[in-house]
Amino acid sequence: MTTVIPPPVGPVWGCVLIGGRSRRMGSRPKHLILQEGCSWAERTVAVLLQTVEQVVIAGQGVLPTSLTALPRVADIAGLGGPLAGILAAFRAYPGVSWLVTACDQPDIEEEALRWLLACRHVGIMAVMPDLNNDGRIEPLLAYYDQQCGHLLEEMAATGQRRMSSLRHATGVITPQPPAIIRSCWRNINTPEDLAAHPAAMLCSFPKAC
């Protein structure tokens with residue numbers, strides 16, 4: 001008889017990080033980039049809501065009017081990088097597990113979110129994909145179980161800022177996604193990245209930016 005491992009209990013919410021300073025993009029906020037009339041932030045939230053019941057925005061910055069009613073958390077002071085936003089979400093909403101994305105991952109699709117959720121089960125602290133099976137893991141567009149909070153607190157307390165340091169923690173897994181969904185992890189950091197994006201001709205910044 002095959003043993004069925006039950007999934008963890010508790011809600012799974014989405015968290016969109018917008019706290020970056022967009023230095024490499026030229027100071028313009030990436031989450032406001034428009035693609036076919038819809039900002040990347042709006043698109044990311046819409047995709048997450050196909051899978052989760054609530055989405056939280058982490059970080060500072062102007063949001064499109066359609067997203068201003070969403071709950072927001074401020075990055076933890078004194079921390080840098082994704083940890084500042086992820087830990088803020090954990091502290092604000094204990095008992096919630098998270099699908100965490102970045103505002104500069106415009107190719108996210110529901111299939112990738114469902115694959116991440118399918119990888120979790122009791123005892124799994126985080127699912128951080130290794131796209132090319134080369135040891136380089138992806139901390140964004142990743143799953144963080146509610147039990148992962150103490151690992152994040154330890155990182156903050158010891159001055160460890162790189163999310164990749166979690167890869168060796170017990171309960172953290174780094175599976176390789178199917179090839180058909182790997183483009184969902186593409187991120188856009190620079191004007192050159194934006195120009196090379198398949199939908200580049202459809203992308204623009206709002207005039208106010």
# chains A, B, ... in the order shown; residues from 1 in each chain; ligands from 1
>>> residues_around(residues="Met155 of chain A", least_positions_apart="4", cutoff="12 Å", atoms="only C-alpha atoms", output="PDB file with N, CA and C atoms, in the first residue's frame")
ATOM      1  N   LEU A  79      18.053  45.210   7.946  1.00  0.00           N
ATOM      2  CA  LEU A  79      18.291  44.043   7.109  1.00  0.00           C
ATOM      3  C   LEU A  79      18.285  44.470   5.650  1.00  0.00           C
ATOM      4  N   GLY A  80      18.942  43.705   4.830  1.00  0.00           N
ATOM      5  CA  GLY A  80      18.958  43.998   3.411  1.00  0.00           C
ATOM      6  C   GLY A  80      18.480  42.811   2.607  1.00  0.00           C
ATOM      7  N   PRO A  82      16.142  40.248   0.158  1.00  0.00           N
ATOM      8  CA  PRO A  82      14.829  39.616   0.346  1.00  0.00           C
ATOM      9  C   PRO A  82      14.501  39.281   1.800  1.00  0.00           C
ATOM     10  N   LEU A  83      15.520  38.994   2.612  1.00  0.00           N
ATOM     11  CA  LEU A  83      15.259  38.621   4.000  1.00  0.00           C
ATOM     12  C   LEU A  83      14.454  39.698   4.712  1.00  0.00           C
ATOM     13  N   ALA A  84      14.703  40.970   4.421  1.00  0.00           N
ATOM     14  CA  ALA A  84      14.018  42.064   5.113  1.00  0.00           C
ATOM     15  C   ALA A  84      12.511  41.998   4.902  1.00  0.00           C
ATOM     16  N   ILE A  86      10.760  39.185   3.634  1.00  0.00           N
ATOM     17  CA  ILE A  86      10.222  37.867   3.990  1.00  0.00           C
ATOM     18  C   ILE A  86      10.030  37.759   5.501  1.00  0.00           C
ATOM     19  N   LEU A  87      11.036  38.187   6.255  1.00  0.00           N
ATOM     20  CA  LEU A  87      10.933  38.117   7.712  1.00  0.00           C
ATOM     21  C   LEU A  87       9.823  39.042   8.219  1.00  0.00           C
ATOM     22  N   CYS A 148       9.400  27.805   9.084  1.00  0.00           N
ATOM     23  CA  CYS A 148      10.695  28.333   8.678  1.00  0.00           C
ATOM     24  C   CYS A 148      11.049  29.622   9.410  1.00  0.00           C
ATOM     25  N   GLY A 149      10.095  30.181  10.143  1.00  0.00           N
ATOM     26  CA  GLY A 149      10.313  31.466  10.788  1.00  0.00           C
ATOM     27  C   GLY A 149      11.544  31.510  11.679  1.00  0.00           C
ATOM     28  N   HIS A 150      11.765  30.431  12.460  1.00  0.00           N
ATOM     29  CA  HIS A 150      12.912  30.459  13.381  1.00  0.00           C
ATOM     30  C   HIS A 150      14.234  30.453  12.628  1.00  0.00           C
ATOM     31  N   LEU A 151      14.272  29.846  11.432  1.00  0.00           N
ATOM     32  CA  LEU A 151      15.498  29.872  10.639  1.00  0.00           C
ATOM     33  C   LEU A 151      15.784  31.281  10.138  1.00  0.00           C
ATOM     34  N   GLY A 159      23.481  37.997  11.458  1.00  0.00           N
ATOM     35  CA  GLY A 159      24.009  38.849  10.402  1.00  0.00           C
ATOM     36  C   GLY A 159      24.103  38.179   9.046  1.00  0.00           C
ATOM     37  N   GLN A 160      23.474  37.016   8.901  1.00  0.00           N
ATOM     38  CA  GLN A 160      23.489  36.325   7.606  1.00  0.00           C
ATOM     39  C   GLN A 160      22.356  36.865   6.749  1.00  0.00           C
ATOM     40  N   ARG A 161      22.674  37.420   5.591  1.00  0.00           N
ATOM     41  CA  ARG A 161      21.660  38.057   4.758  1.00  0.00           C
ATOM     42  C   ARG A 161      21.319  37.255   3.499  1.00  0.00           C
ATOM     43  N   ARG A 162      22.156  36.361   3.088  1.00  0.00           N
ATOM     44  CA  ARG A 162      21.941  35.636   1.842  1.00  0.00           C
ATOM     45  C   ARG A 162      20.960  34.492   2.069  1.00  0.00           C
ATOM     46  N   MET A 163      19.836  34.551   1.374  1.00  0.00           N
ATOM     47  CA  MET A 163      18.821  33.524   1.535  1.00  0.00           C
ATOM     48  C   MET A 163      19.351  32.150   1.134  1.00  0.00           C
ATOM     49  N   SER A 164      20.345  32.112   0.269  1.00  0.00           N
ATOM     50  CA  SER A 164      20.907  30.833  -0.166  1.00  0.00           C
ATOM     51  C   SER A 164      21.542  30.055   0.983  1.00  0.00           C
ATOM     52  N   SER A 165      21.830  30.737   2.087  1.00  0.00           N
ATOM     53  CA  SER A 165      22.426  30.032   3.231  1.00  0.00           C
ATOM     54  C   SER A 165      21.460  29.026   3.845  1.00  0.00           C
ATOM     55  N   LEU A 166      20.186  29.123   3.517  1.00  0.00           N
ATOM     56  CA  LEU A 166      19.201  28.178   4.039  1.00  0.00           C
ATOM     57  C   LEU A 166      19.305  26.802   3.410  1.00  0.00           C
ATOM     58  N   ALA A 169      19.983  23.878   5.638  1.00  0.00           N
ATOM     59  CA  ALA A 169      19.171  23.675   6.836  1.00  0.00           C
ATOM     60  C   ALA A 169      18.295  22.439   6.676  1.00  0.00           C
TER      61      ALA A 169
END
>>> select_by_dssp(residues="segment 44-185 of chain A", states="alpha helix (DSSP H)", output="PyMOL selection string")
chain A and resi 44-48+82-92+110-119+149-158
>>> write_last_selection(atoms="N, CA and C atoms", output="short mmCIF file (atom, residue, chain, number, x, y, z; two decimals), in the first residue's frame")
data_model
loop_
_atom_site.label_atom_id
_atom_site.label_comp_id
_atom_site.auth_asym_id
_atom_site.auth_seq_id
_atom_site.Cartn_x
_atom_site.Cartn_y
_atom_site.Cartn_z
N THR A 44 1.46 40.09 -11.06
CA THR A 44 1.96 39.11 -10.10
C THR A 44 0.90 38.80 -9.05
N VAL A 45 0.24 39.82 -8.55
CA VAL A 45 -0.81 39.61 -7.55
C VAL A 45 -1.94 38.78 -8.15
N ALA A 46 -2.33 39.07 -9.38
CA ALA A 46 -3.42 38.33 -10.01
C ALA A 46 -3.08 36.86 -10.16
N VAL A 47 -1.84 36.55 -10.53
CA VAL A 47 -1.44 35.14 -10.67
C VAL A 47 -1.44 34.45 -9.31
N LEU A 48 -0.93 35.12 -8.29
CA LEU A 48 -0.92 34.53 -6.95
C LEU A 48 -2.33 34.24 -6.46
N PRO A 82 16.14 40.25 0.16
CA PRO A 82 14.83 39.62 0.35
C PRO A 82 14.50 39.28 1.80
N LEU A 83 15.52 38.99 2.61
CA LEU A 83 15.26 38.62 4.00
C LEU A 83 14.45 39.70 4.71
N ALA A 84 14.70 40.97 4.42
CA ALA A 84 14.02 42.06 5.11
C ALA A 84 12.51 42.00 4.90
N GLY A 85 12.08 41.67 3.70
CA GLY A 85 10.66 41.59 3.42
C GLY A 85 10.03 40.28 3.85
N ILE A 86 10.76 39.18 3.63
CA ILE A 86 10.22 37.87 3.99
C ILE A 86 10.03 37.76 5.50
N LEU A 87 11.04 38.19 6.26
CA LEU A 87 10.93 38.12 7.71
C LEU A 87 9.82 39.04 8.22
N ALA A 88 9.64 40.19 7.57
CA ALA A 88 8.55 41.09 7.97
C ALA A 88 7.20 40.41 7.82
N ALA A 89 7.02 39.66 6.74
CA ALA A 89 5.77 38.95 6.54
C ALA A 89 5.57 37.87 7.61
N PHE A 90 6.62 37.15 7.94
CA PHE A 90 6.53 36.11 8.97
C PHE A 90 6.16 36.71 10.32
N ARG A 91 6.78 37.84 10.65
CA ARG A 91 6.48 38.45 11.94
C ARG A 91 5.07 39.01 12.01
N ALA A 92 4.59 39.55 10.90
CA ALA A 92 3.27 40.17 10.89
C ALA A 92 2.14 39.15 10.90
N GLU A 110 0.62 30.28 -12.96
CA GLU A 110 -0.01 29.46 -11.94
C GLU A 110 0.64 28.08 -11.84
N GLU A 111 1.08 27.54 -12.97
CA GLU A 111 1.67 26.19 -12.96
C GLU A 111 2.90 26.12 -12.05
N ALA A 112 3.69 27.18 -12.03
CA ALA A 112 4.88 27.18 -11.17
C ALA A 112 4.50 27.21 -9.70
N LEU A 113 3.46 27.97 -9.38
CA LEU A 113 3.00 28.04 -7.99
C LEU A 113 2.48 26.67 -7.54
N ARG A 114 1.73 26.02 -8.40
CA ARG A 114 1.18 24.71 -8.04
C ARG A 114 2.28 23.66 -7.93
N TRP A 115 3.34 23.80 -8.73
CA TRP A 115 4.46 22.87 -8.60
C TRP A 115 5.14 23.06 -7.25
N LEU A 116 5.34 24.31 -6.83
CA LEU A 116 5.95 24.56 -5.53
C LEU A 116 5.11 23.95 -4.41
N LEU A 117 3.80 24.14 -4.48
CA LEU A 117 2.93 23.60 -3.43
C LEU A 117 2.92 22.08 -3.44
N ALA A 118 3.07 21.48 -4.60
CA ALA A 118 3.10 20.02 -4.69
C ALA A 118 4.36 19.44 -4.07
N CYS A 119 5.41 20.26 -3.95
CA CYS A 119 6.68 19.79 -3.38
C CYS A 119 6.67 19.77 -1.86
N GLY A 149 10.09 30.18 10.14
CA GLY A 149 10.31 31.47 10.79
C GLY A 149 11.54 31.51 11.68
N HIS A 150 11.77 30.43 12.46
CA HIS A 150 12.91 30.46 13.38
C HIS A 150 14.23 30.45 12.63
N LEU A 151 14.27 29.85 11.43
CA LEU A 151 15.50 29.87 10.64
C LEU A 151 15.78 31.28 10.14
N LEU A 152 14.72 32.00 9.74
CA LEU A 152 14.90 33.38 9.29
C LEU A 152 15.34 34.28 10.44
N GLU A 153 14.78 34.05 11.62
CA GLU A 153 15.18 34.85 12.78
C GLU A 153 16.65 34.60 13.13
N GLU A 154 17.09 33.35 13.01
CA GLU A 154 18.50 33.04 13.26
C GLU A 154 19.41 33.75 12.27
N MET A 155 18.99 33.81 11.00
CA MET A 155 19.76 34.52 9.99
C MET A 155 19.90 35.99 10.36
N ALA A 156 18.79 36.61 10.74
CA ALA A 156 18.81 38.03 11.09
C ALA A 156 19.69 38.28 12.32
N ALA A 157 19.60 37.38 13.30
CA ALA A 157 20.35 37.57 14.54
C ALA A 157 21.85 37.39 14.36
N THR A 158 22.24 36.57 13.39
CA THR A 158 23.66 36.29 13.18
C THR A 158 24.27 37.10 12.04
#
>>> atom_distance(atom1="atom CA of Pro71 of chain A", atom2="atom CA of Arg186 of chain A")
25.9 Å
>>> atom_distance(atom1="atom CA of Thr170 of chain A", atom2="atom CA of Ile76 of chain A")
24.8 Å
>>> atom_distance(atom1="atom CA of Val96 of chain A", atom2="atom CA of Met125 of chain A")
12.4 Å
>>> closest_residue(among="A:Pro198, A:Pro11, A:Gly171, A:Pro129", to="Pro94 of chain A", atoms="only C-alpha atoms")
A:Pro11
>>> residues_around(residues="Ile137 of chain A", least_positions_apart="3", cutoff="9 Å", atoms="only C-alpha atoms", output="list in words")
Met128, Pro129, Asp130, Leu131, Asn132, Asn133, Asp134, Ser164, Arg167 and Thr174 of chain A
>>> select_by_dssp(residues="segment 92-136 of chain A", states="strand (DSSP E)", output="PyMOL selection string")
chain A and resi 97-102+126-127
>>> residues_around(residues="Ser66 of chain A", least_positions_apart="2", cutoff="12 Å", atoms="only C-alpha atoms", output="PyMOL selection string")
chain A and resi 38-39+41-43+45-46+62-64+68-70
>>> closest_residue(among="A:Leu194, A:Leu141, A:Leu67, A:Ala77", to="Leu99 of chain A", atoms="only C-alpha atoms")
A:Leu141
>>> residues_around(residues="Ser204 of chain A", least_positions_apart="5", cutoff="12 Å", atoms="only C-alpha atoms", output="MDAnalysis selection string")
chainID A and resid 28:40 191 194:195 199 209
>>> write_last_selection(atoms="N, CA and C atoms", output="mmCIF file, in the first residue's frame")
data_model
loop_
_atom_site.group_PDB
_atom_site.id
_atom_site.type_symbol
_atom_site.label_atom_id
_atom_site.label_comp_id
_atom_site.auth_asym_id
_atom_site.auth_seq_id
_atom_site.Cartn_x
_atom_site.Cartn_y
_atom_site.Cartn_z
ATOM 1 N N ARG A 28 14.118 53.576 -11.464
ATOM 2 C CA ARG A 28 12.683 53.501 -11.715
ATOM 3 C C ARG A 28 12.111 52.208 -11.112
ATOM 4 N N PRO A 29 10.979 52.290 -10.417
ATOM 5 C CA PRO A 29 10.437 51.105 -9.733
ATOM 6 C C PRO A 29 9.961 50.033 -10.705
ATOM 7 N N LYS A 30 10.574 48.869 -10.598
ATOM 8 C CA LYS A 30 10.263 47.797 -11.533
ATOM 9 C C LYS A 30 8.831 47.282 -11.384
ATOM 10 N N HIS A 31 8.285 47.361 -10.178
ATOM 11 C CA HIS A 31 6.942 46.807 -9.999
ATOM 12 C C HIS A 31 5.879 47.611 -10.740
ATOM 13 N N LEU A 32 6.244 48.833 -11.195
ATOM 14 C CA LEU A 32 5.288 49.661 -11.931
ATOM 15 C C LEU A 32 5.438 49.559 -13.444
ATOM 16 N N ILE A 33 6.407 48.774 -13.909
ATOM 17 C CA ILE A 33 6.536 48.589 -15.356
ATOM 18 C C ILE A 33 5.217 48.084 -15.926
ATOM 19 N N LEU A 34 4.793 48.694 -17.003
ATOM 20 C CA LEU A 34 3.528 48.331 -17.634
ATOM 21 C C LEU A 34 3.756 47.349 -18.771
ATOM 22 N N GLN A 35 2.927 46.329 -18.816
ATOM 23 C CA GLN A 35 2.953 45.363 -19.905
ATOM 24 C C GLN A 35 1.525 45.136 -20.366
ATOM 25 N N GLU A 36 1.239 45.580 -21.555
ATOM 26 C CA GLU A 36 -0.128 45.528 -22.093
ATOM 27 C C GLU A 36 -1.108 46.227 -21.151
ATOM 28 N N GLY A 37 -0.668 47.373 -20.613
ATOM 29 C CA GLY A 37 -1.542 48.189 -19.780
ATOM 30 C C GLY A 37 -1.671 47.760 -18.340
ATOM 31 N N CYS A 38 -0.975 46.697 -17.946
ATOM 32 C CA CYS A 38 -1.053 46.178 -16.582
ATOM 33 C C CYS A 38 0.337 46.196 -15.962
ATOM 34 N N SER A 39 0.464 46.719 -14.755
ATOM 35 C CA SER A 39 1.778 46.757 -14.114
ATOM 36 C C SER A 39 2.213 45.350 -13.716
ATOM 37 N N TRP A 40 3.525 45.176 -13.606
ATOM 38 C CA TRP A 40 4.029 43.868 -13.186
ATOM 39 C C TRP A 40 3.515 43.500 -11.800
ATOM 40 N N PRO A 191 18.120 47.548 -17.651
ATOM 41 C CA PRO A 191 17.496 47.898 -18.926
ATOM 42 C C PRO A 191 17.805 46.882 -20.019
ATOM 43 N N LEU A 194 15.498 44.001 -19.618
ATOM 44 C CA LEU A 194 14.175 44.370 -20.086
ATOM 45 C C LEU A 194 14.097 44.338 -21.608
ATOM 46 N N ALA A 195 15.154 44.857 -22.243
ATOM 47 C CA ALA A 195 15.168 44.889 -23.710
ATOM 48 C C ALA A 195 15.201 43.485 -24.306
ATOM 49 N N ALA A 199 8.656 40.061 -24.261
ATOM 50 C CA ALA A 199 7.562 41.029 -24.387
ATOM 51 C C ALA A 199 8.059 42.468 -24.293
ATOM 52 N N CYS A 209 7.033 57.996 -13.773
ATOM 53 C CA CYS A 209 8.329 57.436 -13.399
ATOM 54 C C CYS A 209 9.449 58.078 -14.190
#
